[in-house]
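Engineer: The structure's right below; bear with me while I get my questions together.
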Amino acid sequence: MMPKRRQCSLLSVLGIFIFGFCISNFILQPSLEQSAIGLPGLQKVQLPRPILVVGMPKVGTSSIYEFFKCNGIKSSHYCCCGSNRTHTHCGDGRSFSDCMRQNAKSNRKILEGCGDYDVYAQMDGEAGNSIYLPQHFALDSIHEYSPNATWILNLRNAAEWVSSVTNWYGLGGRFLRRFKVDIKNKNANRTKALIDIFDNHVQTVRDFVRTHPTHHLIELDIKSKNAGKILAHEFSLNEGCWGNHNQNPRRQSA
């Protein structure tokens, strides 16, 4: 039988070893940013599909679409249902906006019959003089359709976004109408109203995921030099496919 003193010594050594192991793991645990840009030895788990881009339009949706398409992932942007286009005038197909709105009217699941894609890079679209924005106003329906989907919240500086939508075929006005801002009021601060709309949307998505944790949310600053690296790491894809697409070279009337 082992003497009590020796037993205590062995237990003490074992305790110190376990404590040291836990502390080293805690200290050496990589931060979220380090994990996102990739560190040697980190094990990746395949994220669920479909992948839905839930940020605003004019926040790199074309770049995200091209990134996944370049990597051989079945992707869509704006148009669906047999169309090979990625912007307005979807040819033989339809826009996601049209398909999703029709589903809502017919009490069908929101993306039912809108194409079988792995990536949905832009689901919003024009609705008269307003805008259909399911990633803000129909999150419950999107969740019901795919409760485990991976979401990408694409981000950029809010003031830069306002400049972009204001100069893109009246898109700024569509947002103001959809969020019921009185655009006839000459004293209304349109820039502030649009910034508030953008910030409110970002918080809405974050709050939704917080209460629906089955979704994996990736926040992506499209202006970050690490944007492509983050996407490549998160989805185990080729970083070289990242680039800037659909940039507006000229001003359009608001």
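In the structure tokens, the first chain shown is A, the next is B, and so on; residue numbers restart at 1 for each chain, and ligands run from 1 in the order shown.
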Show me a table, sorted first by chain and then by increasing residue number, of the residues of segment 125-226 of chain A having an atom at most 12 Å from segment 95-116 of chain A, each with its shortest atom pair and the distance in Å to one decimal, counting only C-alpha atoms and written as a tab-separated table.

Structural biologist:
```
residue	atom	partner	partner_atom	distance
A:Gly125	CA	A:Ser97	CA	5.1
A:Glu126	CA	A:Ser97	CA	7.4
A:Ala127	CA	A:Ser97	CA	8.0
A:Gly128	CA	A:Asp98	CA	11.4
A:Ser130	CA	A:Ser97	CA	12.0
A:Ile131	CA	A:Ser97	CA	9.0
A:Tyr132	CA	A:Ser97	CA	6.4
A:Leu133	CA	A:Ser97	CA	8.2
A:Pro134	CA	A:Ser97	CA	8.3
A:Gln135	CA	A:Ser97	CA	11.1
A:Phe137	CA	A:Arg101	CA	11.8
A:Ala138	CA	A:Ile110	CA	8.6
A:Leu139	CA	A:Ile110	CA	10.0
A:Asp140	CA	A:Ile110	CA	9.8
A:Ser141	CA	A:Ile110	CA	6.1
A:Ile142	CA	A:Ile110	CA	6.4
A:His143	CA	A:Ile110	CA	9.5
A:Glu144	CA	A:Lys109	CA	7.7
A:Tyr145	CA	A:Lys109	CA	6.0
A:Ser146	CA	A:Leu111	CA	9.1
```

Engineer: In segment 40-232 of chain A, what's alpha helix (DSSP H) per DSSP? Answer as a PyMOL selection string?

Structural biologist: chain A and resi 61-70+96-105+134-137+139-145+158-166+171-178+190-211+227-232

Engineer: Could those residues be written to a file, using C-alpha atoms, as a compact mmCIF listing (two decimals), in the first residue's frame?

Structural biologist:
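As a result, out30.txt now contains:
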```
# COMPACT_ATOMS: atom_id res chain seq x y z
CA THR A 61 -23.21 41.14 -52.93
CA SER A 62 -21.80 40.79 -56.45
CA SER A 63 -18.31 40.20 -55.06
CA ILE A 64 -19.62 37.53 -52.68
CA TYR A 65 -21.53 35.87 -55.54
CA GLU A 66 -18.46 35.87 -57.80
CA PHE A 67 -16.30 34.47 -54.98
CA PHE A 68 -18.50 31.39 -54.53
CA LYS A 69 -19.13 30.97 -58.26
CA CYS A 70 -15.38 31.09 -58.93
CA PHE A 96 -35.86 36.33 -56.25
CA SER A 97 -37.97 39.32 -55.28
CA ASP A 98 -40.78 38.26 -57.62
CA CYS A 99 -40.56 34.59 -56.63
CA MET A 100 -40.52 35.25 -52.89
CA ARG A 101 -43.33 37.80 -52.98
CA GLN A 102 -45.50 35.38 -54.97
CA ASN A 103 -44.80 32.65 -52.42
CA ALA A 104 -45.87 34.97 -49.61
CA LYS A 105 -49.15 35.72 -51.39
CA PRO A 134 -36.89 39.94 -47.08
CA GLN A 135 -33.60 39.92 -45.14
CA HIS A 136 -35.13 42.59 -42.90
CA PHE A 137 -38.90 42.15 -42.98
CA LEU A 139 -36.50 36.86 -41.30
CA ASP A 140 -39.02 34.57 -39.61
CA SER A 141 -40.05 33.14 -42.99
CA ILE A 142 -36.43 32.72 -44.08
CA HIS A 143 -35.68 30.93 -40.82
CA GLU A 144 -38.71 28.69 -41.25
CA TYR A 145 -37.56 27.74 -44.75
CA ALA A 158 -22.81 53.31 -43.35
CA ALA A 159 -22.06 56.75 -44.82
CA GLU A 160 -20.36 55.14 -47.84
CA TRP A 161 -23.39 52.89 -48.27
CA VAL A 162 -25.68 55.93 -48.28
CA SER A 163 -23.59 57.52 -51.03
CA SER A 164 -23.77 54.29 -53.03
CA VAL A 165 -27.55 53.76 -52.82
CA THR A 166 -28.27 57.46 -53.36
CA LEU A 171 -32.32 53.16 -54.68
CA GLY A 172 -31.98 55.58 -51.77
CA GLY A 173 -35.51 56.83 -52.35
CA ARG A 174 -36.83 53.27 -52.47
CA PHE A 175 -35.35 52.61 -49.02
CA LEU A 176 -36.83 55.79 -47.60
CA ARG A 177 -40.29 54.86 -48.91
CA ARG A 178 -40.05 51.29 -47.62
CA ARG A 190 -32.23 61.91 -45.82
CA THR A 191 -28.63 61.00 -45.13
CA LYS A 192 -29.25 60.49 -41.43
CA ALA A 193 -32.44 58.56 -42.16
CA LEU A 194 -30.57 56.17 -44.47
CA ILE A 195 -27.73 55.70 -41.98
CA ASP A 196 -30.31 54.87 -39.31
CA ILE A 197 -31.94 52.36 -41.69
CA PHE A 198 -28.60 50.68 -42.33
CA ASP A 199 -27.62 50.53 -38.65
CA ASN A 200 -31.06 49.30 -37.66
CA HIS A 201 -30.85 46.46 -40.17
CA VAL A 202 -27.46 45.30 -38.89
CA GLN A 203 -28.77 45.20 -35.33
CA THR A 204 -31.97 43.44 -36.44
CA VAL A 205 -29.99 40.58 -37.99
CA ARG A 206 -27.70 40.28 -34.97
CA ASP A 207 -30.65 40.21 -32.58
CA PHE A 208 -32.43 37.59 -34.68
CA VAL A 209 -29.45 35.24 -34.69
CA ARG A 210 -29.03 35.76 -30.96
CA THR A 211 -32.55 34.42 -30.43
CA ALA A 227 -12.39 39.85 -46.57
CA GLY A 228 -11.33 37.18 -49.06
CA LYS A 229 -9.19 35.43 -46.49
CA ILE A 230 -12.09 35.31 -44.02
CA LEU A 231 -14.47 33.79 -46.57
CA ALA A 232 -11.83 31.34 -47.76
```

Engineer: As a list in words, please: all residues of segment 49-176 of chain A that backbone DSSP puts in strand (DSSP E).

Structural biologist: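 Filtering segment 49-176 of chain A to strand (DSSP E) leaves Ile51, Leu52, Val53, Ser75, Ser76, Cys79, Cys80, Arg94, Ser95, Val119, Tyr120, Gly125, Glu126, Ala127, Ser130, Ile131, Tyr132, Thr150, Trp151, Ile152, Leu153, Asn154 and Leu155 of chain A.
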
Engineer: One number please: atom CA of Asn71 of chain A to atom CA of Arg156 of chain A, in Å, one decimal.

Structural biologist: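 The value is 23.6 Å.
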
Engineer: Residues within 7 Å of Ile218 of chain A, please, as a VMD selection string. Count only C-alpha atoms; anything in the same chain fewer than 5 positions from it doesn't count.

Structural biologist: chain A and resid 151 to 153

Engineer: What does the structure give for the distance between atom CA of Ser236 of chain A and atom CA of Lys74 of chain A, in Å to one decimal?

Structural biologist: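 Going from atom CA of Ser236 of chain A over to atom CA of Lys74 of chain A, I get 15.4 Å.
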
Engineer: Could you tell me how far atom CA of Asn185 of chain A sits from atom CA of Val59 of chain A, in Å to one decimal place?

Structural biologist: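 So the answer is 27.8 Å.
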
Engineer: For Cys79 of chain A, which residue among A:Ala121, A:Pro48, A:Pro147, A:Met56 is the nearest when counting only C-alpha atoms?

Structural biologist: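 For Cys79 of chain A, the nearest of the candidates is A:Ala121.
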